[in-house]
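Novice: Have a look at this one before I ask anything.
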Amino acid sequence: MVAISLPDGSVRNYEGPVTALKVAEDIGPGLAKAALACKVDGALWDLTRPIDRDASLAIVTAKDPEALELIRHDAAHIMAEAVQELYPGTQVTIGPAIENGYYYDFARDEPFTPDDLAKIEQRMLEIVERNEPIVREEWDRDEAIAYFEKIGETYKAEIIRDLPATETITVYRQGEWLDLCRGPHLPSTGKLPKAFKVMKLAGAYWRGDSRNEMLQRIYGTAWGTDKQLKEYLTMLEEAEKRDHRRLGRELDLFHMQEEAQGSVFWHPYGWTLYRKLQQYMRERLEASGYVEVNTPQLVDRVLWERSGHWEKFRENMFTAQTEDERTLAIKPMNCPCHVQIFNQGIKSYRDLPLRMAEFGACSRYEPSGALHGLMRVRAFTQDDAHIFCTEDQITSETQDFCALLLSVYQDLGFTEVRVKFSDRPAVRAGSDETWDKAEAALKEATEAAGLEWTLNPGEGAFYGPKLEFVLRDAIGRDWQCGTLQVDFVLPERLGAEYVGEDGNRHRPVMLHRAILGSFERFIGILIENYAGKFPLWLSPVQAVVTTITQDGDDYARRVLHELKAAGIRAELDLRNEKINYKVREHSLRKVPFIVAIGKREAEEGTVAVRRLGDNKQEVLALKDFVATLKAESAMPGRPSLAVAAE
């Protein structure tokens with residue numbers, strides 16, 4: 001007898017093993033038709049897999065969050081079947097569902113072309129129409145290896161050999177085609193919505209190792225409905241228009257070149273943007289009780305060995321060898337150096353919390369294939385800080401930090417923020433007891449801060465659990481930026497101590513925290529979020545004063561002087577060009593205010609002002625315009641700072 005407990009609290013009893021599909025059919029034909037998979041005691045299963053024990057059961061339909069990953073995983077398998085039908089001799093390797101879609105890596109001597117993608121997508125549609133049943137099978141390990149080697153699928157055979165001896169080998173048969181896979185899958189190919197598209201080609205090393213063979217990766221996207229697919233494709237089109245690399249060139253912000261891979265050449269306008277963002281962050285941190293420090297770029301490997309970073313991050317460090325055979329590393333992060341400052345002199349519990357901030361220039365070796373404009377670089381500056389505190393202060397410091405972070409994001413135009421809680425990774429420093437304490441402390445602090453979070457299992461730092469703050473931009477993309485990590489390990493490794501109220505020595509807790517992450521990447525996000533139309537306070541050039549006729553040249557110089565005297569970043573355009581040409585050019589540069597000066601404005605002491613994106617022109621007295629522009633360009637956060645100072 002098998003008892004099946006349903007979400008509504010009812011229980012259905014069966015004489016022997018039963019499938020979820022049978023249970024769905026018993027509940028009603030509508031549910032059976034809508035069913036895509038099931039959850040047995042919380043684990044995702046195929047509908048046709050027998051349940052041979054008492055269990056809780058929930059039927060998964062297209063409305064459930066789990067459905068989208070199933071759809072994408074099946075799309076990957078259907079794409080692999082299509083490829084092998086169209087191009088016999090191609091080996092399939094690995095094909096997971098990923099965010100917004102799926103991919104599959106193929107081993108094929110001849111390269112795929114963009115024309116092939118259209119053929120593959122068409123064949124996928126045909127396979128969906130064939131409505132091939134998808135059946136789970138359990139195979140003997142040795143027989144599975146022999147089978148895949150016999151048909152020339154050497155990569156699949158290698159995967160099976162590397163699986164743990166205790167793992168059940170499962171194969172999914174899709175009509176006459178089959179693939180090694182853990183599953184689960186939809187009941188048939190006909191259940192896959194036709195809301196998918198084969199997107200692009202890329203290269204990928206087998207198992208992500210550059211020492212292995214280069215494979216051909218085909219990416220696709222898959223959604224539950226045509227509407228969702230169209231919305232996603234529209235978002236991609238908008239993202240292409242906002243690409244920070246293109247806008248960086250057009251707005252003359254920065255460039256990158258082969259001779260300095262992964263490093264940024266900031267142009268005057270881009271560096272102005274960078275400095276304004278840094279100035280804003282510096283003022284917010286100072287008002288929040290942080291002290292700013294600066295630490296060396298080159299540090300002996302001995303310190304990195306003591307901290308544990310040498311073992312964990314050695315392959316990502318740039319190093320230099322001195323004549324006396326010392327190995328120095330260009331710092332990839334600031335944490336160990338901040339502990340060295342903390343360790344100077346005796347610290348008391350009265351000195352805590354100590355909030356130590358640094359706009360730290362760091363360098364990490366990223367593979368050249370992973371570099372992507374400002375978003376993935378080798379040389380970057382973190383808005384880094386470490387809070388040294390007692391265990392009792394973890395909650396209050398977390399609350400204060402989260403409030404600061406959300407306030408900064410709001411000032412910068414991001415109001416949707418999600419929080420992920422990343423717990424202990426498989427490879428980590430510190431005992432399980434230490435991790436239990438750190439995770440419990442961070443969870444308690446996060447709840448006290450009033451933040452809802454989702455679990456991101458196994459993604460904590462090697463020395464402690466962390467919160468990851470994910471913000472959503474203007475076109476719906478998510479960016480993981482800020483982090484907060486609770487660390488009991490590094491203070492122990494590097495000998496950090498303070499004298500407690502009891503007169504004894506204690507280890508401080510170290511909270512690693514960042515808000516922007518890196519200035520380079522965050523500026524890339526800002527460029528794309530605003531499509532280059534920055535808020536006035538951040539805009540590299542806030543106003544351009546341009547003349548209609550030469551009669552206004554002298555007055556235009558006076559207007560420029562008044563604006564600059566008020567702290568406005570303004571430029572002068574006295575070129576002998578038509579005013580419409582000038583307006584269009586400066587609009588393309590996304591200058592927030594274009595000030596037109598002619599003979600009348602010079603005589604009356606006025607300015608004709610056009611705001612970016614507005615076809616209307618407003619005539620104002622020069623004094624009023626300067627006052628308006630000064631007020632509108634004020635850096636956010638400053639009014640509250642003034643109140644706090646009072």
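Chain identifiers are assigned as A, B, and so on, following the order in which chains appear in the structure tokens; residues are numbered from 1 within each chain, and ligands are numbered from 1 in order of appearance.
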When DSSP is applied to the backbone of this structure, which of stretch 117-304 of chain A are assigned strand (DSSP E or B)? Write them out as a PyMOL selection string.

Specialist: chain A and resi 133-139+169-174+177-180+188+196-205+214-222+254-255+265-266+290-292+298-300

Novice: Mind writing the picked residues with N, CA and C atoms as a short mmCIF file (atom, residue, chain, number, x, y, z; two decimals), in the first residue's frame?

Specialist:
data_model
loop_
_atom_site.label_atom_id
_atom_site.label_comp_id
_atom_site.auth_asym_id
_atom_site.auth_seq_id
_atom_site.Cartn_x
_atom_site.Cartn_y
_atom_site.Cartn_z
N PRO A 133 7.53 10.67 -26.99
CA PRO A 133 7.53 10.40 -25.54
C PRO A 133 8.95 10.51 -24.98
N ILE A 134 9.06 11.05 -23.77
CA ILE A 134 10.36 11.14 -23.09
C ILE A 134 10.32 10.17 -21.91
N VAL A 135 11.20 9.17 -21.94
CA VAL A 135 11.13 8.06 -20.98
C VAL A 135 12.45 7.96 -20.21
N ARG A 136 12.35 7.86 -18.90
CA ARG A 136 13.52 7.70 -18.04
C ARG A 136 13.90 6.23 -17.93
N GLU A 137 15.21 5.94 -18.08
CA GLU A 137 15.71 4.58 -17.96
C GLU A 137 16.93 4.56 -17.04
N GLU A 138 17.05 3.51 -16.22
CA GLU A 138 18.24 3.33 -15.39
C GLU A 138 19.11 2.26 -16.04
N TRP A 139 20.41 2.60 -16.21
CA TRP A 139 21.32 1.70 -16.92
C TRP A 139 22.44 1.24 -16.00
N ILE A 169 22.89 5.65 -12.85
CA ILE A 169 23.07 6.13 -14.23
C ILE A 169 21.70 6.16 -14.90
N THR A 170 21.27 7.35 -15.27
CA THR A 170 19.96 7.50 -15.90
C THR A 170 20.11 8.05 -17.31
N VAL A 171 19.34 7.48 -18.21
CA VAL A 171 19.32 7.90 -19.61
C VAL A 171 17.88 8.25 -19.96
N TYR A 172 17.72 9.32 -20.71
CA TYR A 172 16.37 9.71 -21.16
C TYR A 172 16.25 9.45 -22.65
N ARG A 173 15.25 8.62 -22.99
CA ARG A 173 14.99 8.27 -24.38
C ARG A 173 13.89 9.20 -24.91
N GLN A 174 14.19 9.83 -26.03
CA GLN A 174 13.31 10.85 -26.62
C GLN A 174 12.99 10.37 -28.03
N TRP A 177 15.95 8.91 -30.12
CA TRP A 177 17.18 9.57 -29.66
C TRP A 177 17.28 9.44 -28.15
N LEU A 178 18.50 9.37 -27.62
CA LEU A 178 18.64 9.29 -26.17
C LEU A 178 19.86 10.08 -25.71
N ASP A 179 19.87 10.39 -24.41
CA ASP A 179 20.96 11.18 -23.84
C ASP A 179 21.13 10.82 -22.37
N LEU A 180 22.38 10.85 -21.93
CA LEU A 180 22.68 10.69 -20.50
C LEU A 180 22.21 11.94 -19.77
N SER A 188 6.71 14.52 -22.78
CA SER A 188 6.95 14.32 -24.21
C SER A 188 7.42 15.63 -24.82
N PHE A 196 10.52 29.35 -28.14
CA PHE A 196 11.97 29.24 -28.00
C PHE A 196 12.64 29.78 -29.25
N LYS A 197 13.92 30.08 -29.12
CA LYS A 197 14.69 30.58 -30.25
C LYS A 197 16.15 30.18 -30.07
N VAL A 198 16.77 29.71 -31.16
CA VAL A 198 18.20 29.43 -31.16
C VAL A 198 18.91 30.75 -31.41
N MET A 199 19.85 31.12 -30.52
CA MET A 199 20.32 32.49 -30.48
C MET A 199 21.70 32.74 -31.10
N LYS A 200 22.71 32.02 -30.63
CA LYS A 200 24.06 32.39 -31.06
C LYS A 200 25.04 31.24 -30.86
N LEU A 201 26.23 31.42 -31.46
CA LEU A 201 27.32 30.46 -31.37
C LEU A 201 28.44 31.02 -30.50
N ALA A 202 29.17 30.13 -29.85
CA ALA A 202 30.35 30.54 -29.08
C ALA A 202 31.27 29.33 -28.96
N GLY A 203 32.50 29.60 -28.56
CA GLY A 203 33.43 28.52 -28.29
C GLY A 203 33.45 28.23 -26.80
N ALA A 204 33.73 27.00 -26.43
CA ALA A 204 33.81 26.63 -25.02
C ALA A 204 34.74 25.44 -24.87
N TYR A 205 35.64 25.51 -23.90
CA TYR A 205 36.53 24.37 -23.65
C TYR A 205 35.76 23.26 -22.93
N MET A 214 38.52 22.44 -27.68
CA MET A 214 37.54 23.51 -27.88
C MET A 214 36.29 22.92 -28.53
N LEU A 215 35.15 23.17 -27.92
CA LEU A 215 33.87 22.70 -28.43
C LEU A 215 33.09 23.87 -29.01
N GLN A 216 31.99 23.57 -29.67
CA GLN A 216 31.11 24.61 -30.21
C GLN A 216 29.85 24.68 -29.35
N ARG A 217 29.61 25.83 -28.80
CA ARG A 217 28.45 26.02 -27.93
C ARG A 217 27.35 26.76 -28.69
N ILE A 218 26.16 26.22 -28.62
CA ILE A 218 24.99 26.89 -29.21
C ILE A 218 24.07 27.30 -28.07
N TYR A 219 23.76 28.58 -28.02
CA TYR A 219 22.87 29.14 -27.00
C TYR A 219 21.46 29.28 -27.57
N GLY A 220 20.49 29.09 -26.69
CA GLY A 220 19.11 29.35 -27.06
C GLY A 220 18.37 29.95 -25.89
N THR A 221 17.17 30.42 -26.15
CA THR A 221 16.31 30.91 -25.07
C THR A 221 14.97 30.20 -25.18
N ALA A 222 14.31 29.99 -24.06
CA ALA A 222 13.02 29.29 -24.05
C ALA A 222 12.17 29.85 -22.93
N PHE A 254 35.63 56.33 -22.35
CA PHE A 254 36.78 55.46 -22.09
C PHE A 254 37.07 54.65 -23.33
N HIS A 255 38.21 53.98 -23.32
CA HIS A 255 38.46 52.95 -24.33
C HIS A 255 39.35 51.88 -23.72
N PHE A 265 41.28 52.78 -20.14
CA PHE A 265 41.82 54.11 -20.42
C PHE A 265 40.66 55.10 -20.25
N TRP A 266 40.64 55.79 -19.13
CA TRP A 266 39.55 56.73 -18.87
C TRP A 266 39.84 58.06 -19.57
N TYR A 290 32.72 55.91 8.69
CA TYR A 290 33.85 55.16 8.17
C TYR A 290 35.10 56.02 8.17
N VAL A 291 36.26 55.40 8.40
CA VAL A 291 37.54 56.06 8.20
C VAL A 291 38.16 55.49 6.93
N GLU A 292 38.81 56.35 6.14
CA GLU A 292 39.37 55.90 4.87
C GLU A 292 40.86 55.63 5.03
N LEU A 298 51.66 46.10 -3.85
CA LEU A 298 52.50 44.91 -3.86
C LEU A 298 52.71 44.40 -2.43
N VAL A 299 52.35 43.14 -2.22
CA VAL A 299 52.46 42.56 -0.88
C VAL A 299 53.10 41.17 -1.00
N ASP A 300 54.02 40.88 -0.12
CA ASP A 300 54.74 39.61 -0.13
C ASP A 300 53.77 38.43 -0.02
#

Novice: Write out as a compact mmCIF listing (two decimals) with N, CA and C atoms, in the first residue's frame the residues lying within 7 Å of stretch 116-124 of chain A, counting only C-alpha atoms and excluding same-chain residues fewer than 4 positions away.

Specialist:
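Output below, filename result.txt:
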# COMPACT_ATOMS: atom_id res chain seq x y z
N ILE A 78 16.09 18.83 -26.94
CA ILE A 78 15.48 18.83 -28.27
C ILE A 78 16.42 19.46 -29.28
N MET A 79 17.17 20.50 -28.87
CA MET A 79 18.16 21.09 -29.78
C MET A 79 19.25 20.09 -30.10
N ALA A 82 17.98 17.68 -32.59
CA ALA A 82 17.91 18.32 -33.90
C ALA A 82 19.28 18.39 -34.55
N VAL A 83 20.30 18.74 -33.78
CA VAL A 83 21.66 18.85 -34.32
C VAL A 83 22.14 17.50 -34.83
N PHE A 112 29.83 25.30 -37.07
CA PHE A 112 28.46 25.72 -37.35
C PHE A 112 28.50 27.15 -37.89
N VAL A 128 9.07 18.94 -31.78
CA VAL A 128 7.96 19.24 -30.88
C VAL A 128 6.65 18.73 -31.49
N LYS A 197 13.92 30.08 -29.12
CA LYS A 197 14.69 30.58 -30.25
C LYS A 197 16.15 30.18 -30.07
N VAL A 198 16.77 29.71 -31.16
CA VAL A 198 18.20 29.43 -31.16
C VAL A 198 18.91 30.75 -31.41

Novice: What gap, in Å, lies between atom CA of A:Ala514 and atom CA of A:Asp423?

Specialist: 17.9 Å

Novice: Pick out the residues sitting within 9 Å of A:Leu192, and hand them over as an MDAnalysis selection string; count only C-alpha atoms, and ignore anything fewer than 3 positions along from it in its own chain.

Specialist: chainID A and resid 71:72 74:75 128 186 188:189 195 224

Novice: Tell me, as number ranges by chain, which residues lie within 8 Å of stretch 152-157 of chain A, counting only C-alpha atoms; anything in the same chain fewer than 5 positions away does not count.

Specialist: A: 89, 91-93, 144-146, 180

Novice: Take the residues from that selection and write them out as a CSV table (one decimal), in the first residue's frame, keeping N, CA and C atoms.

Specialist:
chain,number,residue,atom,x,y,z
A,89,GLY,N,27.3,12.5,-36.8
A,89,GLY,CA,28.7,12.4,-36.4
A,89,GLY,C,29.0,13.5,-35.4
A,91,GLN,N,29.1,15.0,-31.8
A,91,GLN,CA,29.0,14.5,-30.4
A,91,GLN,C,28.3,15.5,-29.6
A,92,VAL,N,27.4,15.1,-28.7
A,92,VAL,CA,26.8,16.0,-27.7
A,92,VAL,C,27.6,15.8,-26.4
A,93,THR,N,27.8,16.9,-25.7
A,93,THR,CA,28.5,16.8,-24.4
A,93,THR,C,27.7,17.2,-23.2
A,144,ALA,N,26.5,1.3,-19.9
A,144,ALA,CA,26.3,2.7,-20.4
A,144,ALA,C,27.6,3.2,-21.1
A,145,ILE,N,28.7,2.9,-20.4
A,145,ILE,CA,30.0,3.4,-21.0
A,145,ILE,C,30.3,2.7,-22.3
A,146,ALA,N,30.0,1.4,-22.3
A,146,ALA,CA,30.3,0.6,-23.6
A,146,ALA,C,29.4,1.1,-24.7
A,180,LEU,N,22.4,10.8,-21.9
A,180,LEU,CA,22.7,10.7,-20.5
A,180,LEU,C,22.2,11.9,-19.8

Novice: Per residue of stretch 138-192 of chain A within 9 Å of stretch 15-36 of chain A, record the nearest atom pair and its distance in Å to one decimal, counting only C-alpha atoms, with rows in chain order and ascending residue number, as CSV.

Specialist:
residue,atom,partner,partner_atom,distance
A:His185,CA,A:Leu36,CA,8.0
A:Leu186,CA,A:Leu36,CA,5.4
A:Pro187,CA,A:Leu36,CA,6.6
A:Lys191,CA,A:Leu36,CA,7.4

Novice: Export C-alpha atoms of the chosen residues as a short mmCIF file (atom, residue, chain, number, x, y, z; two decimals), in the first residue's frame?

Specialist:
data_model
loop_
_atom_site.label_atom_id
_atom_site.label_comp_id
_atom_site.auth_asym_id
_atom_site.auth_seq_id
_atom_site.Cartn_x
_atom_site.Cartn_y
_atom_site.Cartn_z
CA HIS A 185 12.02 16.04 -18.05
CA LEU A 186 8.63 16.79 -19.54
CA PRO A 187 6.46 13.77 -20.46
CA LYS A 191 4.74 19.51 -24.03
#

Novice: Which residues come within 10 Å of A:Ile594, counting only C-alpha atoms, excluding same-chain residues fewer than 3 positions away, as a list in words?

Specialist: Gln542, Ala543, Val544, Val545, Thr546, Ala570, Glu571, Lys582, Val583, Arg584, His586, Ser587, Lys590, Val591, Ile597, Val607, Ala608, Val609, Arg610, Arg611, Leu612 and Gln617 of chain A

Novice: Write a file of the selected residues as a CSV table (one decimal), in the first residue's frame, keeping C-alpha atoms.

Specialist:
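Contents of part-v3.csv, as written:
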chain,number,residue,atom,x,y,z
A,542,GLN,CA,26.0,69.4,-17.4
A,543,ALA,CA,25.4,72.3,-19.9
A,544,VAL,CA,26.8,73.5,-23.2
A,545,VAL,CA,26.6,77.2,-24.0
A,546,THR,CA,26.3,77.6,-27.8
A,570,ALA,CA,29.8,73.6,-18.6
A,571,GLU,CA,31.4,74.0,-22.0
A,582,LYS,CA,24.9,72.2,-32.8
A,583,VAL,CA,21.7,71.2,-30.8
A,584,ARG,CA,21.5,67.8,-32.6
A,586,HIS,CA,25.1,68.0,-28.2
A,587,SER,CA,21.8,66.0,-27.9
A,590,LYS,CA,23.4,63.5,-24.2
A,591,VAL,CA,24.2,66.8,-22.6
A,597,ILE,CA,22.7,82.5,-27.1
A,607,VAL,CA,19.3,82.4,-21.9
A,608,ALA,CA,17.2,80.1,-24.2
A,609,VAL,CA,17.4,76.7,-22.6
A,610,ARG,CA,16.5,73.3,-24.0
A,611,ARG,CA,16.5,70.2,-21.8
A,612,LEU,CA,17.7,66.9,-23.2
A,617,GLN,CA,12.7,75.9,-25.4

Novice: What's around A:Asn294 at 9 Å? Count only C-alpha atoms, leave out sequence neighbours fewer than 3 positions away in its own chain, and write the answer as a list in words.

Specialist: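 Neighbouring residues, sequence-local ones excluded: His338, Ala357, Glu358, Phe359 and Gly360 of chain A.
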